[in-house]
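Below: target.txt (compact mmCIF, C-alpha atoms)
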```
# COMPACT_ATOMS: atom_id res chain seq x y z
CA MET A 1 0.00 0.00 0.00
CA SER A 2 2.86 2.34 0.90
CA ASN A 3 4.60 1.67 -2.43
CA THR A 4 1.41 2.45 -4.35
CA THR A 5 0.97 5.69 -2.39
CA ASN A 6 4.56 6.73 -3.09
CA THR A 7 4.15 5.92 -6.79
CA CYS A 8 0.97 8.00 -7.04
CA GLU A 9 2.65 10.86 -5.19
CA LEU A 10 5.59 10.82 -7.61
CA ALA A 11 3.25 10.70 -10.62
CA TYR A 12 1.42 13.75 -9.23
CA GLU A 13 4.66 15.69 -8.69
CA VAL A 14 5.93 14.89 -12.18
CA ASN A 15 2.75 15.64 -14.12
CA ASN A 16 1.23 18.48 -12.10
CA ASN A 17 3.98 21.03 -11.57
CA GLY A 18 4.08 24.57 -12.93
CA CYS A 19 7.08 24.07 -15.23
CA ILE A 20 5.74 21.09 -17.14
CA ILE A 21 2.26 22.64 -17.44
CA LEU A 22 3.87 25.79 -18.88
CA VAL A 23 5.72 23.68 -21.48
CA TRP A 24 2.51 21.82 -22.40
CA SER A 25 0.76 25.18 -22.80
CA LEU A 26 3.51 26.30 -25.19
CA VAL A 27 3.11 23.04 -27.13
CA ILE A 28 -0.62 23.73 -27.51
CA VAL A 29 -0.09 27.33 -28.66
CA LEU A 30 2.73 26.53 -31.11
CA ASN A 31 0.98 23.49 -32.56
CA THR A 32 -2.32 25.33 -32.95
CA PHE A 33 -0.68 28.18 -34.87
CA GLY A 34 1.42 25.71 -36.85
CA ILE A 35 -1.56 23.59 -37.87
CA LEU A 36 -3.62 26.62 -38.95
CA GLN A 37 -0.72 28.06 -40.94
CA THR A 38 0.02 24.73 -42.61
CA ILE A 39 -3.65 24.29 -43.55
CA HIS A 40 -3.43 27.73 -45.17
CA LEU A 41 -0.30 26.59 -47.04
CA MET A 42 -2.07 23.43 -48.24
CA ARG A 43 -4.97 25.56 -49.48
CA LEU A 44 -2.50 27.65 -51.50
CA LEU A 45 -0.82 24.53 -52.91
CA LEU A 46 -4.22 23.21 -54.00
CA SER A 47 -5.32 26.53 -55.49
CA SER A 48 -5.59 26.58 -59.27
CA GLN A 49 -4.63 30.27 -59.21
CA VAL A 50 -1.11 29.54 -57.94
CA GLU A 51 1.02 28.00 -60.69
CA VAL A 52 4.43 28.29 -59.06
CA PHE A 53 5.28 24.59 -58.76
CA HIS A 54 4.87 21.51 -60.94
CA VAL A 55 1.88 19.38 -59.92
CA ASN A 56 4.15 16.50 -58.85
CA LEU A 57 6.08 18.76 -56.51
CA ARG A 58 2.86 20.18 -55.09
CA ILE A 59 1.61 16.67 -54.30
CA LEU A 60 4.78 15.92 -52.35
CA PHE A 61 4.61 19.27 -50.55
CA LEU A 62 1.02 18.44 -49.59
CA ASN A 63 2.18 15.07 -48.25
CA LEU A 64 4.93 16.76 -46.23
CA SER A 65 2.46 19.31 -44.85
CA LEU A 66 0.01 16.55 -43.96
CA GLY A 67 2.71 14.69 -42.03
CA LEU A 68 3.60 17.82 -40.05
CA ILE A 69 -0.08 18.52 -39.31
CA LEU A 70 -0.67 14.97 -38.06
CA ARG A 71 2.45 15.08 -35.90
CA SER A 72 1.38 18.43 -34.43
CA ALA A 73 -2.18 17.22 -33.87
CA CYS A 74 -0.92 14.17 -31.96
CA THR A 75 1.35 16.18 -29.65
CA LEU A 76 -1.32 18.86 -29.23
CA TYR A 77 -3.83 16.21 -28.14
CA ARG A 78 -1.33 14.74 -25.67
CA ALA A 79 -0.52 18.14 -24.15
CA ALA A 80 -4.19 19.11 -23.91
CA GLN A 81 -5.02 15.76 -22.31
CA GLN A 82 -2.34 16.29 -19.66
CA ILE A 83 -3.51 19.82 -18.87
CA VAL A 84 -7.13 18.69 -18.55
CA LEU A 85 -5.97 15.93 -16.20
CA ALA A 86 -3.97 18.45 -14.14
CA ILE A 87 -7.16 20.52 -13.72
CA SER A 88 -9.75 17.78 -13.22
CA TRP A 89 -7.89 15.10 -11.21
CA THR A 90 -9.63 13.62 -8.18
CA ASN A 91 -6.95 11.17 -7.04
CA LYS A 92 -3.18 11.39 -7.37
CA CYS A 93 -3.21 7.89 -8.85
CA ASP A 94 -5.07 9.35 -11.85
CA PHE A 95 -1.66 10.50 -13.12
CA LEU A 96 -0.36 6.93 -13.44
CA GLN A 97 -0.30 5.76 -17.05
CA ASP A 98 -0.35 2.31 -18.60
CA MET A 99 3.00 1.31 -20.15
CA TYR A 100 1.41 -0.25 -23.26
CA SER A 101 -0.56 2.94 -23.90
CA CYS A 102 2.66 4.94 -23.52
CA LYS A 103 4.42 2.80 -26.14
CA LEU A 104 1.49 3.09 -28.51
CA GLN A 105 1.20 6.84 -28.03
CA SER A 106 4.91 7.29 -28.66
CA ARG A 107 4.77 5.26 -31.88
CA ILE A 108 1.68 7.13 -33.13
CA ASN A 109 3.43 10.47 -32.54
CA LEU A 110 6.56 9.25 -34.32
CA THR A 111 4.81 7.83 -37.40
CA PRO A 112 4.03 11.13 -39.21
CA PHE A 113 7.44 12.54 -38.29
CA ASN A 114 9.20 9.55 -39.87
CA SER A 115 7.01 10.00 -42.94
CA CYS A 116 8.30 13.59 -43.21
CA VAL A 117 11.89 12.26 -43.13
CA TYR A 118 11.14 10.03 -46.13
CA THR A 119 9.10 12.76 -47.86
CA TYR A 120 12.15 15.01 -48.08
CA LEU A 121 13.95 12.13 -49.81
CA ALA A 122 10.94 11.69 -52.13
CA VAL A 123 11.05 15.41 -53.01
CA ALA A 124 14.77 15.08 -53.75
CA ILE A 125 14.10 12.12 -56.07
CA GLU A 126 11.30 14.03 -57.86
CA ARG A 127 13.53 17.09 -58.28
CA ALA A 128 16.35 14.85 -59.59
CA ILE A 129 13.99 13.41 -62.21
CA ALA A 130 12.83 16.93 -63.09
CA THR A 131 16.44 18.03 -63.49
CA ILE A 132 17.55 15.05 -65.58
CA SER A 133 14.60 15.41 -67.95
CA TYR A 134 14.29 19.19 -67.66
CA GLN A 135 13.78 19.63 -71.39
CA THR A 136 10.46 17.76 -71.33
CA TYR A 137 9.45 17.45 -67.66
CA GLU A 138 7.35 20.63 -67.48
CA LYS A 139 5.01 19.32 -70.19
CA LYS A 140 4.44 16.04 -68.35
CA ARG A 141 1.75 15.69 -65.72
CA ASN A 142 2.49 12.22 -64.39
CA GLU A 143 0.69 12.55 -61.06
CA PHE A 144 0.91 8.79 -60.55
CA LEU A 145 4.67 9.10 -59.97
CA ALA A 146 4.19 11.72 -57.26
CA LEU A 147 1.35 9.79 -55.63
CA LEU A 148 3.50 6.64 -55.63
CA LEU A 149 6.39 8.49 -54.00
CA ALA A 150 4.03 10.06 -51.43
CA ALA A 151 2.51 6.68 -50.56
CA ALA A 152 5.98 5.12 -50.26
CA THR A 153 6.92 7.58 -47.51
CA TRP A 154 4.29 6.01 -45.22
CA ILE A 155 5.22 2.34 -45.74
CA HIS A 156 8.01 1.94 -43.19
CA PRO A 157 6.36 4.18 -40.52
CA ALA A 158 3.07 2.29 -41.01
CA ILE A 159 4.78 -1.09 -40.59
CA GLU A 160 6.36 0.06 -37.31
CA LEU A 161 2.99 1.38 -36.13
CA ILE A 162 1.27 -1.93 -36.93
CA ASN A 163 4.00 -3.79 -35.02
CA ALA A 164 3.36 -1.52 -32.03
CA PHE A 165 -0.37 -2.36 -32.12
CA ASN A 166 0.45 -6.08 -32.34
CA ALA A 167 2.80 -5.94 -29.34
CA ASP A 168 1.87 -7.67 -26.10
CA SER A 169 -0.78 -5.57 -24.34
CA SER A 170 -1.37 -7.89 -21.38
CA SER A 171 1.08 -6.06 -19.12
CA SER A 172 -0.60 -3.94 -16.43
CA VAL A 173 2.52 -2.03 -15.42
CA LYS A 174 1.86 1.61 -14.60
CA ARG A 175 4.31 4.47 -15.17
CA GLU A 176 4.61 7.74 -13.27
CA TYR A 177 5.48 9.57 -16.49
CA CYS A 178 4.64 8.61 -20.05
CA SER A 179 7.32 9.04 -22.72
CA ALA A 180 9.17 6.92 -25.27
CA LEU A 181 12.20 6.67 -22.95
CA THR A 182 10.23 5.55 -19.88
CA ALA A 183 8.03 3.12 -21.82
CA GLN A 184 10.80 1.24 -23.65
CA GLN A 185 14.49 1.06 -24.34
CA ILE A 186 15.43 3.28 -27.29
CA ASN A 187 18.08 2.09 -29.77
CA ILE A 188 19.70 5.44 -30.50
CA SER A 189 22.06 4.05 -33.14
CA HIS A 190 19.07 2.60 -35.04
CA VAL A 191 17.26 5.95 -34.92
CA PHE A 192 20.44 7.73 -36.04
CA ASN A 193 20.96 5.40 -38.99
CA ASN A 194 17.37 5.67 -40.20
CA GLN A 195 16.79 9.41 -39.86
CA ILE A 196 20.14 11.16 -40.21
CA ILE A 197 21.33 9.09 -43.17
CA VAL A 198 18.08 9.74 -45.06
CA CYS A 199 18.23 13.47 -44.24
CA GLY A 200 21.90 13.59 -45.26
CA ILE A 201 21.22 11.98 -48.64
CA SER A 202 18.33 14.39 -49.23
CA LEU A 203 20.46 17.44 -48.42
CA ILE A 204 23.26 16.32 -50.75
CA MET A 205 20.76 15.78 -53.57
CA PHE A 206 19.04 19.15 -53.02
CA THR A 207 22.37 20.98 -53.01
CA ALA A 208 23.60 19.23 -56.17
CA ILE A 209 20.32 19.94 -58.00
CA ALA A 210 20.37 23.63 -56.99
CA VAL A 211 23.98 24.11 -58.11
CA PHE A 212 23.38 22.35 -61.43
CA CYS A 213 20.22 24.30 -62.24
CA ILE A 214 21.75 27.68 -61.38
CA LYS A 215 24.78 27.01 -63.57
CA LYS A 216 22.66 25.60 -66.38
CA SER A 217 20.30 28.59 -66.26
CA LYS A 218 23.23 31.00 -66.58
CA LEU A 219 24.60 29.08 -69.56
CA THR A 220 21.30 29.00 -71.42
CA ILE A 221 19.89 32.44 -70.60
CA ASN A 222 21.50 34.08 -73.64
CA THR A 223 21.21 31.17 -76.05
CA GLN A 224 18.44 29.76 -78.21
CA ASP A 225 19.53 26.13 -77.80
CA HIS A 226 16.82 25.21 -75.29
CA SER A 227 13.05 25.15 -75.53
CA LEU A 228 10.71 27.33 -73.50
CA SER A 229 9.76 24.29 -71.41
CA SER A 230 13.36 23.52 -70.48
CA ARG A 231 14.03 27.15 -69.55
CA PHE A 232 10.93 27.25 -67.37
CA GLN A 233 11.80 23.93 -65.70
CA LEU A 234 15.31 25.12 -64.82
CA GLY A 235 13.80 28.29 -63.38
CA GLU A 236 11.27 26.31 -61.37
CA ASN A 237 14.03 24.09 -59.97
CA VAL A 238 15.92 27.16 -58.80
CA ARG A 239 12.79 28.71 -57.24
CA ALA A 240 11.88 25.44 -55.54
CA SER A 241 15.44 25.06 -54.20
CA LYS A 242 15.12 28.43 -52.44
CA ILE A 243 12.25 26.95 -50.44
CA ILE A 244 13.29 23.30 -50.16
CA LEU A 245 16.91 23.81 -49.09
CA PRO A 246 16.21 26.02 -46.02
CA ASN A 247 13.38 23.72 -44.95
CA ALA A 248 15.46 20.57 -45.47
CA ILE A 249 18.42 22.04 -43.57
CA LEU A 250 16.20 23.10 -40.66
CA PHE A 251 14.45 19.73 -40.64
CA SER A 252 17.81 17.93 -40.56
CA ILE A 253 18.92 20.15 -37.66
CA VAL A 254 15.67 19.39 -35.79
CA THR A 255 16.14 15.66 -36.43
CA LEU A 256 19.76 15.75 -35.27
CA LEU A 257 18.80 17.76 -32.18
CA ASN A 258 16.07 15.24 -31.31
CA ILE A 259 18.59 12.39 -31.51
CA MET A 260 21.11 14.33 -29.42
CA PHE A 261 18.39 15.06 -26.86
CA LEU A 262 17.51 11.36 -26.77
CA PHE A 263 21.12 10.60 -25.93
CA LEU A 264 21.27 13.33 -23.25
CA LEU A 265 17.94 12.25 -21.79
CA GLU A 266 19.14 8.65 -21.58
CA ILE A 267 22.12 9.88 -19.56
CA SER A 268 20.15 12.34 -17.42
CA LYS A 269 17.63 9.65 -16.53
CA GLN A 270 20.36 7.92 -14.54
CA HIS A 271 21.54 11.04 -12.68
CA HIS A 272 18.44 13.20 -12.12
CA GLY A 273 15.04 12.75 -10.60
CA LEU A 274 12.04 11.84 -12.73
CA ARG A 275 10.52 15.32 -12.28
CA GLU A 276 13.59 17.08 -13.73
CA PHE A 277 13.86 14.47 -16.46
CA ALA A 278 10.22 15.02 -17.51
CA ILE A 279 10.58 18.82 -17.62
CA PHE A 280 13.78 18.58 -19.68
CA LYS A 281 12.23 16.05 -22.06
CA GLU A 282 9.08 18.10 -22.66
CA THR A 283 11.13 21.28 -23.18
CA MET A 284 13.32 19.56 -25.76
CA SER A 285 10.24 18.32 -27.62
CA LEU A 286 9.38 21.93 -28.54
CA THR A 287 11.72 21.69 -31.55
CA VAL A 288 9.07 20.19 -33.86
CA PRO A 289 6.26 22.65 -32.90
CA ILE A 290 8.70 25.50 -33.58
CA TYR A 291 9.74 23.92 -36.89
CA ILE A 292 6.20 23.61 -38.29
CA ASN A 293 5.71 27.37 -37.79
CA VAL A 294 9.02 28.22 -39.47
CA TYR A 295 8.31 25.72 -42.27
CA THR A 296 5.14 27.53 -43.32
CA TRP A 297 6.69 30.99 -43.25
CA ILE A 298 9.63 29.92 -45.41
CA PHE A 299 7.08 29.04 -48.11
CA ILE A 300 5.12 32.26 -47.65
CA LEU A 301 8.03 34.69 -47.46
CA ARG A 302 10.10 33.12 -50.25
CA CYS A 303 7.19 32.72 -52.66
CA PRO A 304 5.49 36.03 -53.61
CA GLN A 305 2.48 34.13 -55.00
CA PHE A 306 1.82 32.75 -51.50
CA ALA A 307 2.66 36.04 -49.76
CA LYS A 308 0.13 37.88 -51.90
CA ARG A 309 -2.61 35.49 -50.73
CA THR A 310 -1.69 35.63 -47.03
CA TRP A 311 -3.71 38.16 -45.01
CA PHE A 312 -0.98 38.93 -42.46
CA VAL A 313 1.59 39.72 -45.17
CA ARG A 314 -0.88 41.92 -47.06
CA ARG A 315 -1.78 43.72 -43.85
CA PHE A 316 1.87 44.25 -42.89
CA ALA A 317 2.68 45.53 -46.39
CA ARG A 318 -0.19 48.01 -46.14
CA VAL A 319 0.98 49.27 -42.73
CA THR A 320 4.57 49.72 -43.90
CA GLN A 321 3.35 51.18 -47.21
CA GLN A 322 5.34 48.59 -49.11
CA GLY A 323 3.74 46.35 -51.65
CA PRO A 324 4.52 42.63 -51.87
CA GLN A 325 7.35 41.37 -54.02
CA THR A 326 6.88 40.96 -57.73
CA GLU A 327 4.63 37.97 -58.22
CA ILE A 328 6.08 34.89 -59.85
CA LYS A 329 4.06 34.19 -62.96
CA GLY A 330 2.88 30.74 -63.96
CA PRO A 331 4.03 28.77 -66.99
CA ASN A 332 1.29 30.08 -69.30
CA HIS A 333 2.35 33.69 -68.77
CA TYR A 334 6.01 32.71 -69.03
CA PHE A 335 5.52 30.95 -72.35
CA SER A 336 3.41 33.76 -73.84
CA VAL A 337 6.03 36.38 -72.96
CA LEU A 338 8.91 34.37 -74.41
CA THR A 339 6.92 33.44 -77.50
CA ASN A 340 6.29 37.14 -78.19
CA TYR A 341 9.97 37.84 -77.59
CA TRP A 342 11.20 35.27 -80.12
CA ILE A 343 8.58 36.35 -82.66
```

Output the structure of this file as structure tokens.
Amino acid sequence: MSNTTNTCELAYEVNNNGCIILVWSLVIVLNTFGILQTIHLMRLLLSSQVEVFHVNLRILFLNLSLGLILRSACTLYRAAQQIVLAISWTNKCDFLQDMYSCKLQSRINLTPFNSCVYTYLAVAIERAIATISYQTYEKKRNEFLALLLAAATWIHPAIELINAFNADSSSSVKREYCSALTAQQINISHVFNNQIIVCGISLIMFTAIAVFCIKKSKLTINTQDHSLSSRFQLGENVRASKIILPNAILFSIVTLLNIMFLFLLEISKQHHGLREFAIFKETMSLTVPIYINVYTWIFILRCPQFAKRTWFVRRFARVTQQGPQTEIKGPNHYFSVLTNYWI
């Protein structure tokens, strides 16, 4: 009886202190803003009035945005659930959490994030194909390729999620604090190999594509050796790189930081109390909610078409008496202008 009382007391101290509630409140605020902004970005990507990107690239961007929204929704739900519990608890043992549920919750939260890791690789592959066949790619609308790549990004995360559901759920062990590190042993080297290697390959591909397209554009800008389609495709690759590269670099940094924090948390778990460990872990988990907000604004601020259709940017431009940047025209306008020029 005494052990149970002590366990409930510890669970109460860990999950109902001011610091951890403040962090959960920040998670809710950041995720709410991030989800709303990303929904706005998805609306712009789906809009027929915005012709900035090839349809295949837009499909992959939509898949990436969906993964970030799902990840944010999962962590928002978890934080809201904990705050509601901190307000409405009737017994300190209410804060104890089932270990199987903790494992399942951790895997559900990780699934969309892992999909985002693979989506950046899928975008790199699509951009590589667009670069290799840049002379004809703009005319092609092979949505099946993009849909196949988007679906492939969910295969491995879905398999791991199914395995988590099929795991033994007969255990009735209760935990004072629910997290991936307290629910199971984490193989950090496995996580490192899966996530960092994929992010590294994606970054190398994005950089190589951007350098090639910039050099190729400079070589062809004053010649008549390339078609209008090839010129537009090279330009689109450069424009897309200005958005993809910063996002991919930031995402890789976030992924690396998460792995480093896992390592530090594994060490701190042995030398600090559970309360300090929980506060540190929840604080470190703010990296992804911060990233989803930055992710959306990189699109908006680096793409005048999106900035023009964003209320806050229009409002800010009106206050500062500065109009938005020159809008990037779609392929139809681009072709008509160049056709008139050559005629």

May I have the residues within 7 Å of Arg275 in chain A as a ChimeraX atom specification, using all atoms listed in the file and disregarding those fewer than 3 positions away in the same chain?
/A:13-14,278-279

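With all atoms listed in the file as the atoms that count, the residue of A:Leu62, A:Ile129, A:Leu41, A:Met260 with the shortest distance to Ser285 in chain A is A:Met260.
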
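If you measure from each of A:Phe144, A:Tyr295, A:Phe277, A:Phe165 to Cys19 in chain A using all atoms listed in the file, the closest one turns out to be A:Phe277.
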
Between A:Val254, A:Val238, A:Ile267, A:Leu22, which has the minimum distance to Phe113 in chain A (counting all atoms listed in the file)?
A:Val254

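Minimum atom-to-atom distance to Ser179 in chain A, evaluated using all atoms listed in the file, belongs to A:Cys102 out of A:Leu70, A:Cys102, A:Met284, A:Cys303.
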
If I take CA of Leu121 in chain A and CA of Ala248 in chain A, how far is one from the other in Å, to one decimal?
9.6 Å

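Using all atoms listed in the file, the nearest neighbour of Phe95 in chain A within the list A:Ile35, A:Ala164, A:Ala11, A:Leu149 is A:Ala11.
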
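Omitting Phe61 in chain A and its sequence neighbours fewer than 3 positions away, and counting only C-alpha atoms, the residues within 8 Å are A:Leu45, A:Leu57, A:Arg58, A:Leu64, A:Ser65, A:Val123.
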
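Among the candidates A:Cys8, A:Leu265, A:Val211, A:Leu60, the one nearest to Tyr118 in chain A when counting all atoms listed in the file is A:Leu60.
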
Using all atoms listed in the file, determine which residues lie at most 7 Å from Asp98 in chain A, disregarding the query and same-chain residues fewer than 3 positions distant; provide the list as a PyMOL selection string.
chain A and resi 101-102+172-175

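Straight-line separation from CA of Thr75 in chain A to CA of Asn109 in chain A: 6.7 Å.
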